[in-house]
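See below for the structure under consideration.
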Amino acid sequence: MAEKYYISTAIAYTSSKPHIGNTYEAVLADAIARFKRLKGYDVYFQTGTDEHGIKIEEKAKEASISPKDYVDKIYLEIKNTWDLMNVSYDRFVRTTDSNHVGVVQHIFKKMYDQGDIYKGEYKGLYCTPCESFWTKSQLVDGKCPDCSREVSEQVEEAYFFRLSKYQDRLEKYIASHDDFIYPESRKNEMINNFIKPGLEDLCVSRTSVKWGIPVDFDPNHVVYVWLDALTNYITNIGYDVDNESFEFKKRWPADLHLVGKDIIRFHSIYWPCFLWSLGLELPKKIFGHPWLLMNSDKMSKSKGNVLYASSLVEQFGVDAIRYYLLHEIPFNSDGNITYDLIIERINSDLANVLGNLVQRTISMGNKYFAGKITNSKVSEDIDLAFIGSINNLEDVVTNKMDQLHVSDAITEIFNVLRRSNKYIDDTEPWVLAKSEDNKERLQTVLYNLLESIRICGVLLEPFLPDTSKEILSQINISDVSLEYVDNNIYNLCQPQPLFKRIDKIS
């Protein structure tokens with residue numbers, strides 16, 4: 001029976017169309033999910049939309065439509081963007097789904113009945129865009145520490161979750177589980193900036209907001225954003241307070257919550273305490289990924305520096321943009337995107353290293369052997385090291401992916417592709433082709449190249465799914481094993497460019 005692997009993204013907020021920085025998270029999660037499937041795991045990949053809150057109320061009012069009509073429109077834009085980027089989710093969830101609404105109400109009542117939620121009055125500094133309350137000490141220059149916008153003082157009746165009750169337990173858990181918050185820098189930030197100064201009880205309902213899940217035993221209140229949003233990870237796999245379904249028992253705990261570094265606080269502090277209140281296990285790992293910047297600046301519509309997946313794909317293609325997002329954003333620091341940088345990667349890596357290798361290898365196979373290549377097994381010393389690098393590739397890539405170093409995993413594949421190009425230069429097939437005596441040696445050289453292309457093509461599937469399919473189609477082989485096989489038969493097709501070089505945009 002295959003080992004299960006449950007991966008989720010944060011659910012995207014339906015306040016506006018997602019830009020390419022928002023899209024990065026879905027593509028990153030997709031690459032991890034696809035790789036786990038490639039390795040034989042029973043993968044469940046969940047993503048979706050967060051659809052309640054005051055910001056939605058305000059946006060809908062501006063558009064003169066109902067909040068539901070507003071989120072229906074943005075939900076479709078988000079889902080269509082994920083689909084455009086070839087995101088292979090197993091379930092796309094919405095917090096307006098009736099099942100989620102009902103289970104959240106049951107969760108709220110259970111926490112209230114056992115004393116983890118109580119009614120009080122909230123006086124706080126509130127940031128509407130972030131839907132977050134802050135203490136005065138948490139403000140930066142008197143403004144929201146997350147988005148640098150103005151905050152306003154608000155007072156209202158509210159229900160609170162006893163977050164402070166779980167302070168010691170959370171500190172001990174994080175200290176004894178090194179991999180729970182990843183990477184290390186995010187863990188240290190959570191401990192030093194948020195947990196050690198002391199956890200305050202958390203406001204989990206609002207009376208001034210109407211667009212939300214009603215507290216069914218006190219309908220003047222709606223469930224506040226984080227208790228609504230975070231619980232999507234369990235409500236959509238069959239959890240209810242009195243009924244843990246077969247799917248829930250199979251899927252939970254999540255193996256990886258993939259979230260932006262700006263919301264890791266909610267996932268690594270609030271979410272564990274909610275789960276403990278429900279008597280549930282915690283997710284195995286929470287990874288706070290970096291941001292994608294535009295010209296080294298955070299993307300913002302007000303700054304006019306926002307890029308969208310649809311326009312980028314129209315210009316460069318899906319896999320070229322996937323490659324850029326997955327390869328060019330470092331593991332633990334923000335990445336940068338510009339048109340010039342995208343073009344540079346396409347030309348140097350995708351067109352030159354990958355595309356050129358595939359095209360010239362197939363062309364030589366067609367030219368010298370009418371497209372039929374078998375292994376003549378006329379080997380030389382140079383072949384041993386080359387085949388060794390091919391056979392090591394699966395383990396090396398797996399090691400990088402297990403550490404969530406996705407960019408490095410792609411680099412390892414491209415290292416073998418570069419080595420394959422060098423192998424062509426070193427063996428000089430065009431020279432071998434001049435003598436009939438070297439025909440079997442030439443066939444072995446081309447066979448070794450095709451095995452390298454085949455294995456790299458299979459391993460590229462999580463990152464460049466369409467390109468992977470095209471490579472295997474052009475070399476016309478169904479073998480997807482990840483080690484060198486010495487008895488395959490290649491009946492090559494005519495080569496087609498995988499990526500074309502692009503002139504700089506003036």
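Ligands are numbered from 1 in the order shown, residues from 1 within each chain, and chains are lettered A, B, ... in the order they appear in the structure tokens.
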Per-residue nearest contacts of range 114-232 of chain A to range 280-296 of chain A (10 Å; only C-alpha atoms) as a Markdown table:
```
| residue | atom | partner | partner_atom | distance |
| --- | --- | --- | --- | --- |
| A:His177 | CA | A:Lys284 | CA | 9.2 |
| A:Asp178 | CA | A:Lys285 | CA | 9.6 |
| A:Asp179 | CA | A:Lys285 | CA | 6.3 |
| A:Phe180 | CA | A:Lys285 | CA | 4.5 |
| A:Ile181 | CA | A:Ile286 | CA | 5.0 |
| A:Tyr182 | CA | A:Phe287 | CA | 4.6 |
| A:Pro183 | CA | A:Phe287 | CA | 6.5 |
| A:Glu184 | CA | A:Phe287 | CA | 9.8 |
| A:Ser185 | CA | A:Gly288 | CA | 9.6 |
| A:Arg186 | CA | A:Gly288 | CA | 6.8 |
| A:Lys187 | CA | A:Gly288 | CA | 9.2 |
```
Could you pull the residues within 12 Å of Trp276 in chain A, counting only C-alpha atoms, minus those fewer than 5 positions along the same chain, as JSON, numbers by chain? {"A": [111, 116, 162, 163, 165, 166, 167, 169, 170, 173, 269, 270, 271, 281, 282, 283]}
Closest of A:Glu156, A:Lys303, A:Ser208, A:Lys196 to Lys172 in chain A - atom-to-atom distances counting only C-alpha atoms: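 Ranking A:Glu156, A:Lys303, A:Ser208, A:Lys196 by distance to Lys172 in chain A, first place goes to A:Lys196.
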So that I can check the surroundings of range 11-14 of chain A, please list as a PDB file with N, CA and C atoms, in the first residue's frame every protein, DNA and RNA residue that reaches within 12 Å of it, counting only C-alpha atoms and ignoring chain neighbours fewer than 4 positions away.
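Result file result_17.pdb:
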```pdb
ATOM      1  N   PRO A  18      -5.341  37.079  -8.631  1.00  0.00           N
ATOM      2  CA  PRO A  18      -4.000  36.759  -8.117  1.00  0.00           C
ATOM      3  C   PRO A  18      -2.899  37.183  -9.086  1.00  0.00           C
ATOM      4  N   HIS A  19      -1.852  37.814  -8.558  1.00  0.00           N
ATOM      5  CA  HIS A  19      -0.701  38.148  -9.400  1.00  0.00           C
ATOM      6  C   HIS A  19       0.295  36.984  -9.383  1.00  0.00           C
ATOM      7  N   GLY A  21       3.110  36.585  -8.022  1.00  0.00           N
ATOM      8  CA  GLY A  21       3.650  36.264  -6.696  1.00  0.00           C
ATOM      9  C   GLY A  21       2.725  35.337  -5.928  1.00  0.00           C
ATOM     10  N   ASN A  22       1.405  35.581  -6.026  1.00  0.00           N
ATOM     11  CA  ASN A  22       0.423  34.677  -5.403  1.00  0.00           C
ATOM     12  C   ASN A  22       0.461  33.309  -6.072  1.00  0.00           C
ATOM     13  N   THR A  23       0.634  33.312  -7.384  1.00  0.00           N
ATOM     14  CA  THR A  23       0.602  32.081  -8.178  1.00  0.00           C
ATOM     15  C   THR A  23       1.789  31.182  -7.875  1.00  0.00           C
ATOM     16  N   TYR A  24       2.898  31.776  -7.482  1.00  0.00           N
ATOM     17  CA  TYR A  24       4.124  31.006  -7.189  1.00  0.00           C
ATOM     18  C   TYR A  24       3.861  29.875  -6.198  1.00  0.00           C
ATOM     19  N   GLU A  25       3.097  30.167  -5.147  1.00  0.00           N
ATOM     20  CA  GLU A  25       2.860  29.162  -4.109  1.00  0.00           C
ATOM     21  C   GLU A  25       2.156  27.925  -4.666  1.00  0.00           C
ATOM     22  N   ALA A  26       1.166  28.143  -5.519  1.00  0.00           N
ATOM     23  CA  ALA A  26       0.429  27.020  -6.103  1.00  0.00           C
ATOM     24  C   ALA A  26       1.336  26.181  -6.999  1.00  0.00           C
ATOM     25  N   GLN A  46      -4.367  19.757  -1.776  1.00  0.00           N
ATOM     26  CA  GLN A  46      -5.530  20.629  -1.600  1.00  0.00           C
ATOM     27  C   GLN A  46      -5.130  22.096  -1.693  1.00  0.00           C
ATOM     28  N   THR A  47      -5.947  22.845  -2.417  1.00  0.00           N
ATOM     29  CA  THR A  47      -5.788  24.292  -2.493  1.00  0.00           C
ATOM     30  C   THR A  47      -7.188  24.888  -2.541  1.00  0.00           C
ATOM     31  N   GLY A  48      -7.301  26.192  -2.642  1.00  0.00           N
ATOM     32  CA  GLY A  48      -8.642  26.762  -2.682  1.00  0.00           C
ATOM     33  C   GLY A  48      -8.676  28.241  -2.370  1.00  0.00           C
ATOM     34  N   THR A  49      -9.846  28.705  -1.932  1.00  0.00           N
ATOM     35  CA  THR A  49     -10.062  30.140  -1.727  1.00  0.00           C
ATOM     36  C   THR A  49     -10.683  30.434  -0.363  1.00  0.00           C
ATOM     37  N   ASP A  50     -10.244  31.547   0.211  1.00  0.00           N
ATOM     38  CA  ASP A  50     -10.706  32.080   1.490  1.00  0.00           C
ATOM     39  C   ASP A  50     -11.638  33.239   1.147  1.00  0.00           C
ATOM     40  N   GLU A  51     -12.928  33.149   1.521  1.00  0.00           N
ATOM     41  CA  GLU A  51     -13.923  34.015   0.888  1.00  0.00           C
ATOM     42  C   GLU A  51     -14.739  34.897   1.834  1.00  0.00           C
ATOM     43  N   HIS A  52     -14.358  34.986   3.102  1.00  0.00           N
ATOM     44  CA  HIS A  52     -15.135  35.802   4.039  1.00  0.00           C
ATOM     45  C   HIS A  52     -14.317  37.001   4.524  1.00  0.00           C
ATOM     46  N   GLY A  53     -15.002  37.924   5.209  1.00  0.00           N
ATOM     47  CA  GLY A  53     -14.290  39.014   5.861  1.00  0.00           C
ATOM     48  C   GLY A  53     -14.711  40.397   5.417  1.00  0.00           C
ATOM     49  N   ILE A  54     -14.241  41.372   6.166  1.00  0.00           N
ATOM     50  CA  ILE A  54     -14.654  42.758   5.949  1.00  0.00           C
ATOM     51  C   ILE A  54     -14.139  43.296   4.618  1.00  0.00           C
ATOM     52  N   LYS A  55     -12.968  42.841   4.199  1.00  0.00           N
ATOM     53  CA  LYS A  55     -12.421  43.336   2.938  1.00  0.00           C
ATOM     54  C   LYS A  55     -13.327  42.950   1.760  1.00  0.00           C
ATOM     55  N   ILE A  56     -13.894  41.736   1.836  1.00  0.00           N
ATOM     56  CA  ILE A  56     -14.816  41.286   0.789  1.00  0.00           C
ATOM     57  C   ILE A  56     -16.081  42.143   0.811  1.00  0.00           C
ATOM     58  N   GLU A  57     -16.590  42.410   2.013  1.00  0.00           N
ATOM     59  CA  GLU A  57     -17.771  43.278   2.150  1.00  0.00           C
ATOM     60  C   GLU A  57     -17.533  44.623   1.456  1.00  0.00           C
ATOM     61  N   LYS A  59     -15.199  45.462  -0.842  1.00  0.00           N
ATOM     62  CA  LYS A  59     -14.991  45.335  -2.293  1.00  0.00           C
ATOM     63  C   LYS A  59     -16.326  45.122  -3.011  1.00  0.00           C
ATOM     64  N   ALA A  60     -17.182  44.297  -2.438  1.00  0.00           N
ATOM     65  CA  ALA A  60     -18.484  44.039  -3.042  1.00  0.00           C
ATOM     66  C   ALA A  60     -19.334  45.315  -3.065  1.00  0.00           C
ATOM     67  N   PRO A  67     -21.671  40.244  -1.676  1.00  0.00           N
ATOM     68  CA  PRO A  67     -20.393  39.576  -1.395  1.00  0.00           C
ATOM     69  C   PRO A  67     -20.276  38.215  -2.082  1.00  0.00           C
ATOM     70  N   LYS A  68     -21.381  37.456  -2.137  1.00  0.00           N
ATOM     71  CA  LYS A  68     -21.320  36.134  -2.769  1.00  0.00           C
ATOM     72  C   LYS A  68     -21.037  36.257  -4.265  1.00  0.00           C
ATOM     73  N   ASP A  69     -21.686  37.191  -4.924  1.00  0.00           N
ATOM     74  CA  ASP A  69     -21.416  37.403  -6.348  1.00  0.00           C
ATOM     75  C   ASP A  69     -19.967  37.834  -6.564  1.00  0.00           C
ATOM     76  N   TYR A  70     -19.474  38.654  -5.645  1.00  0.00           N
ATOM     77  CA  TYR A  70     -18.089  39.123  -5.764  1.00  0.00           C
ATOM     78  C   TYR A  70     -17.100  37.957  -5.640  1.00  0.00           C
ATOM     79  N   VAL A  71     -17.275  37.123  -4.602  1.00  0.00           N
ATOM     80  CA  VAL A  71     -16.308  36.032  -4.412  1.00  0.00           C
ATOM     81  C   VAL A  71     -16.452  34.961  -5.491  1.00  0.00           C
ATOM     82  N   ASP A  72     -17.658  34.784  -6.010  1.00  0.00           N
ATOM     83  CA  ASP A  72     -17.835  33.826  -7.108  1.00  0.00           C
ATOM     84  C   ASP A  72     -16.981  34.225  -8.310  1.00  0.00           C
ATOM     85  N   LYS A  73     -16.922  35.509  -8.573  1.00  0.00           N
ATOM     86  CA  LYS A  73     -16.142  36.018  -9.703  1.00  0.00           C
ATOM     87  C   LYS A  73     -14.642  35.830  -9.464  1.00  0.00           C
ATOM     88  N   ILE A  74     -14.175  36.214  -8.279  1.00  0.00           N
ATOM     89  CA  ILE A  74     -12.732  36.130  -8.001  1.00  0.00           C
ATOM     90  C   ILE A  74     -12.294  34.676  -7.845  1.00  0.00           C
ATOM     91  N   TYR A  75     -13.148  33.856  -7.230  1.00  0.00           N
ATOM     92  CA  TYR A  75     -12.844  32.416  -7.118  1.00  0.00           C
ATOM     93  C   TYR A  75     -12.526  31.831  -8.486  1.00  0.00           C
ATOM     94  N   LEU A  76     -13.358  32.170  -9.476  1.00  0.00           N
ATOM     95  CA  LEU A  76     -13.140  31.636 -10.825  1.00  0.00           C
ATOM     96  C   LEU A  76     -11.817  32.113 -11.405  1.00  0.00           C
ATOM     97  N   GLU A  77     -11.467  33.374 -11.158  1.00  0.00           N
ATOM     98  CA  GLU A  77     -10.200  33.907 -11.654  1.00  0.00           C
ATOM     99  C   GLU A  77      -9.019  33.167 -11.027  1.00  0.00           C
ATOM    100  N   ILE A  78      -9.119  32.881  -9.733  1.00  0.00           N
ATOM    101  CA  ILE A  78      -8.042  32.167  -9.050  1.00  0.00           C
ATOM    102  C   ILE A  78      -7.947  30.729  -9.564  1.00  0.00           C
ATOM    103  N   LYS A  79      -9.076  30.046  -9.618  1.00  0.00           N
ATOM    104  CA  LYS A  79      -9.080  28.659 -10.082  1.00  0.00           C
ATOM    105  C   LYS A  79      -8.587  28.561 -11.531  1.00  0.00           C
ATOM    106  N   THR A  81      -6.559  30.543 -13.015  1.00  0.00           N
ATOM    107  CA  THR A  81      -5.114  30.798 -13.032  1.00  0.00           C
ATOM    108  C   THR A  81      -4.341  29.557 -12.626  1.00  0.00           C
ATOM    109  N   TRP A  82      -4.810  28.880 -11.579  1.00  0.00           N
ATOM    110  CA  TRP A  82      -4.147  27.635 -11.152  1.00  0.00           C
ATOM    111  C   TRP A  82      -4.210  26.600 -12.282  1.00  0.00           C
ATOM    112  N   ARG A  91      -8.203  18.621  -4.861  1.00  0.00           N
ATOM    113  CA  ARG A  91      -9.449  19.259  -4.435  1.00  0.00           C
ATOM    114  C   ARG A  91      -9.234  20.761  -4.332  1.00  0.00           C
ATOM    115  N   PHE A  92     -10.143  21.509  -4.945  1.00  0.00           N
ATOM    116  CA  PHE A  92     -10.123  22.972  -4.842  1.00  0.00           C
ATOM    117  C   PHE A  92     -11.291  23.364  -3.939  1.00  0.00           C
ATOM    118  N   VAL A  93     -10.996  23.927  -2.785  1.00  0.00           N
ATOM    119  CA  VAL A  93     -12.020  24.159  -1.761  1.00  0.00           C
ATOM    120  C   VAL A  93     -12.368  25.641  -1.662  1.00  0.00           C
ATOM    121  N   ARG A  94     -13.554  25.896  -1.111  1.00  0.00           N
ATOM    122  CA  ARG A  94     -14.020  27.261  -0.882  1.00  0.00           C
ATOM    123  C   ARG A  94     -14.571  27.346   0.540  1.00  0.00           C
ATOM    124  N   THR A  95     -14.301  28.453   1.229  1.00  0.00           N
ATOM    125  CA  THR A  95     -14.825  28.582   2.592  1.00  0.00           C
ATOM    126  C   THR A  95     -16.302  28.961   2.607  1.00  0.00           C
ATOM    127  N   THR A  96     -16.885  29.206   1.445  1.00  0.00           N
ATOM    128  CA  THR A  96     -18.334  29.405   1.377  1.00  0.00           C
ATOM    129  C   THR A  96     -19.075  28.101   1.107  1.00  0.00           C
ATOM    130  N   PRO A 129      -6.991  45.611   5.699  1.00  0.00           N
ATOM    131  CA  PRO A 129      -6.480  44.783   4.593  1.00  0.00           C
ATOM    132  C   PRO A 129      -5.946  43.426   5.039  1.00  0.00           C
ATOM    133  N   CYS A 130      -5.287  43.384   6.205  1.00  0.00           N
ATOM    134  CA  CYS A 130      -4.727  42.115   6.702  1.00  0.00           C
ATOM    135  C   CYS A 130      -5.713  41.343   7.568  1.00  0.00           C
ATOM    136  N   GLU A 131      -6.816  41.986   7.941  1.00  0.00           N
ATOM    137  CA  GLU A 131      -7.794  41.395   8.855  1.00  0.00           C
ATOM    138  C   GLU A 131      -7.114  40.874  10.120  1.00  0.00           C
ATOM    139  N   VAL A 225     -11.857  35.464  10.827  1.00  0.00           N
ATOM    140  CA  VAL A 225     -11.187  34.891   9.663  1.00  0.00           C
ATOM    141  C   VAL A 225     -10.320  33.660   9.929  1.00  0.00           C
ATOM    142  N   TRP A 226      -9.462  33.668  10.948  1.00  0.00           N
ATOM    143  CA  TRP A 226      -8.481  32.578  11.036  1.00  0.00           C
ATOM    144  C   TRP A 226      -9.095  31.271  11.502  1.00  0.00           C
ATOM    145  N   ASP A 228     -12.051  30.361  10.729  1.00  0.00           N
ATOM    146  CA  ASP A 228     -12.755  29.954   9.512  1.00  0.00           C
ATOM    147  C   ASP A 228     -11.753  29.423   8.475  1.00  0.00           C
ATOM    148  N   ALA A 229     -10.705  30.205   8.196  1.00  0.00           N
ATOM    149  CA  ALA A 229      -9.791  29.878   7.093  1.00  0.00           C
ATOM    150  C   ALA A 229      -8.918  28.666   7.397  1.00  0.00           C
ATOM    151  N   LEU A 230      -8.295  28.642   8.559  1.00  0.00           N
ATOM    152  CA  LEU A 230      -7.329  27.574   8.868  1.00  0.00           C
ATOM    153  C   LEU A 230      -7.980  26.195   8.938  1.00  0.00           C
ATOM    154  N   THR A 231      -9.213  26.152   9.398  1.00  0.00           N
ATOM    155  CA  THR A 231      -9.863  24.849   9.552  1.00  0.00           C
ATOM    156  C   THR A 231     -10.192  24.186   8.221  1.00  0.00           C
ATOM    157  N   ASN A 232     -10.012  24.906   7.094  1.00  0.00           N
ATOM    158  CA  ASN A 232     -10.262  24.292   5.785  1.00  0.00           C
ATOM    159  C   ASN A 232      -9.425  23.037   5.578  1.00  0.00           C
ATOM    160  N   TYR A 233      -8.271  22.972   6.236  1.00  0.00           N
ATOM    161  CA  TYR A 233      -7.376  21.824   6.039  1.00  0.00           C
ATOM    162  C   TYR A 233      -7.964  20.525   6.584  1.00  0.00           C
ATOM    163  N   HIS A 257       2.126  21.875   5.122  1.00  0.00           N
ATOM    164  CA  HIS A 257       1.384  23.098   4.836  1.00  0.00           C
ATOM    165  C   HIS A 257       2.385  24.068   4.203  1.00  0.00           C
ATOM    166  N   LEU A 258       2.134  24.446   2.969  1.00  0.00           N
ATOM    167  CA  LEU A 258       3.013  25.388   2.264  1.00  0.00           C
ATOM    168  C   LEU A 258       2.334  26.752   2.292  1.00  0.00           C
ATOM    169  N   VAL A 259       2.985  27.741   2.910  1.00  0.00           N
ATOM    170  CA  VAL A 259       2.366  29.062   3.086  1.00  0.00           C
ATOM    171  C   VAL A 259       3.418  30.149   2.876  1.00  0.00           C
ATOM    172  N   GLY A 260       2.949  31.344   2.571  1.00  0.00           N
ATOM    173  CA  GLY A 260       3.860  32.481   2.453  1.00  0.00           C
ATOM    174  C   GLY A 260       4.435  32.864   3.804  1.00  0.00           C
ATOM    175  N   ILE A 263       2.307  34.759   6.453  1.00  0.00           N
ATOM    176  CA  ILE A 263       1.204  34.184   7.242  1.00  0.00           C
ATOM    177  C   ILE A 263       1.635  32.923   7.999  1.00  0.00           C
ATOM    178  N   HIS A 267      -0.255  29.990  10.973  1.00  0.00           N
ATOM    179  CA  HIS A 267      -0.208  28.532  10.788  1.00  0.00           C
ATOM    180  C   HIS A 267       0.628  27.837  11.859  1.00  0.00           C
TER     181      HIS A 267
END
```
Considering only C-alpha atoms, can you say which of A:Pro330, A:Lys250, A:Asp340, A:Leu492 comes closest to Asn366 in chain A? A:Leu492
Between A:Thr235, A:Gln494, A:Ser277, A:Ser435, which one has atoms that come closest to Phe248 in chain A, using only C-alpha atoms? A:Thr235
Choose the residue, out of A:Ile373, A:Val103, A:Val313, A:Ile7, that has the smallest atom-to-atom separation from Arg441 in chain A; count only C-alpha atoms.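 Going through A:Ile373, A:Val103, A:Val313, A:Ile7 one by one, the smallest distance to Arg441 in chain A is for A:Ile373.
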Write out as a short mmCIF file (atom, residue, chain, number, x, y, z; two decimals) with C-alpha atoms, in the first residue's frame all residues of range 143-252 of chain A that backbone DSSP assigns to strand (DSSP E).
```cif
data_model
loop_
_atom_site.label_atom_id
_atom_site.label_comp_id
_atom_site.auth_asym_id
_atom_site.auth_seq_id
_atom_site.Cartn_x
_atom_site.Cartn_y
_atom_site.Cartn_z
CA SER A 152 -7.76 51.92 13.54
CA GLU A 153 -8.86 51.41 17.12
CA GLN A 154 -11.94 49.21 17.36
CA VAL A 155 -14.08 48.15 20.30
CA GLU A 156 -16.74 45.48 20.04
CA GLU A 157 -18.21 42.45 21.76
CA ALA A 158 -16.33 39.37 20.66
CA TYR A 159 -15.58 35.76 21.43
CA PHE A 160 -12.00 34.87 22.29
CA PHE A 161 -9.98 31.69 21.96
CA ILE A 181 8.55 25.17 11.22
CA TYR A 182 10.75 25.42 8.16
CA LEU A 202 -7.28 35.53 20.18
CA CYS A 203 -10.40 37.31 18.93
CA SER A 205 -15.66 36.47 16.20
CA ARG A 206 -16.89 39.85 14.97
CA VAL A 222 -19.68 35.77 12.66
CA VAL A 223 -16.63 33.52 12.96
#
```
Closest of A:Phe463, A:Gly142, A:Asp113, A:Ile342 to Asp30 in chain A - atom-to-atom distances counting only C-alpha atoms: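 Closest to Asp30 in chain A, using only C-alpha atoms: A:Phe463.
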Gap from CA of Tyr126 in chain A to CA of Leu139 in chain A - Å, one decimal: 10.6 Å
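Between Lys17 in chain A and the candidates A:Ser300, A:Asn375, A:Gln105, A:Asn332, the tightest atom-to-atom separation, counting only C-alpha atoms, involves A:Ser300.
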Just list as an NGL selection string whatever in range 182-246 of chain A DSSP marks as alpha helix (DSSP H). :A and (184-190 or 225-230 or 232-235 or 246)
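Between CA of Asp42 in chain A and CA of Ser8 in chain A lies a distance of 14.2 Å.
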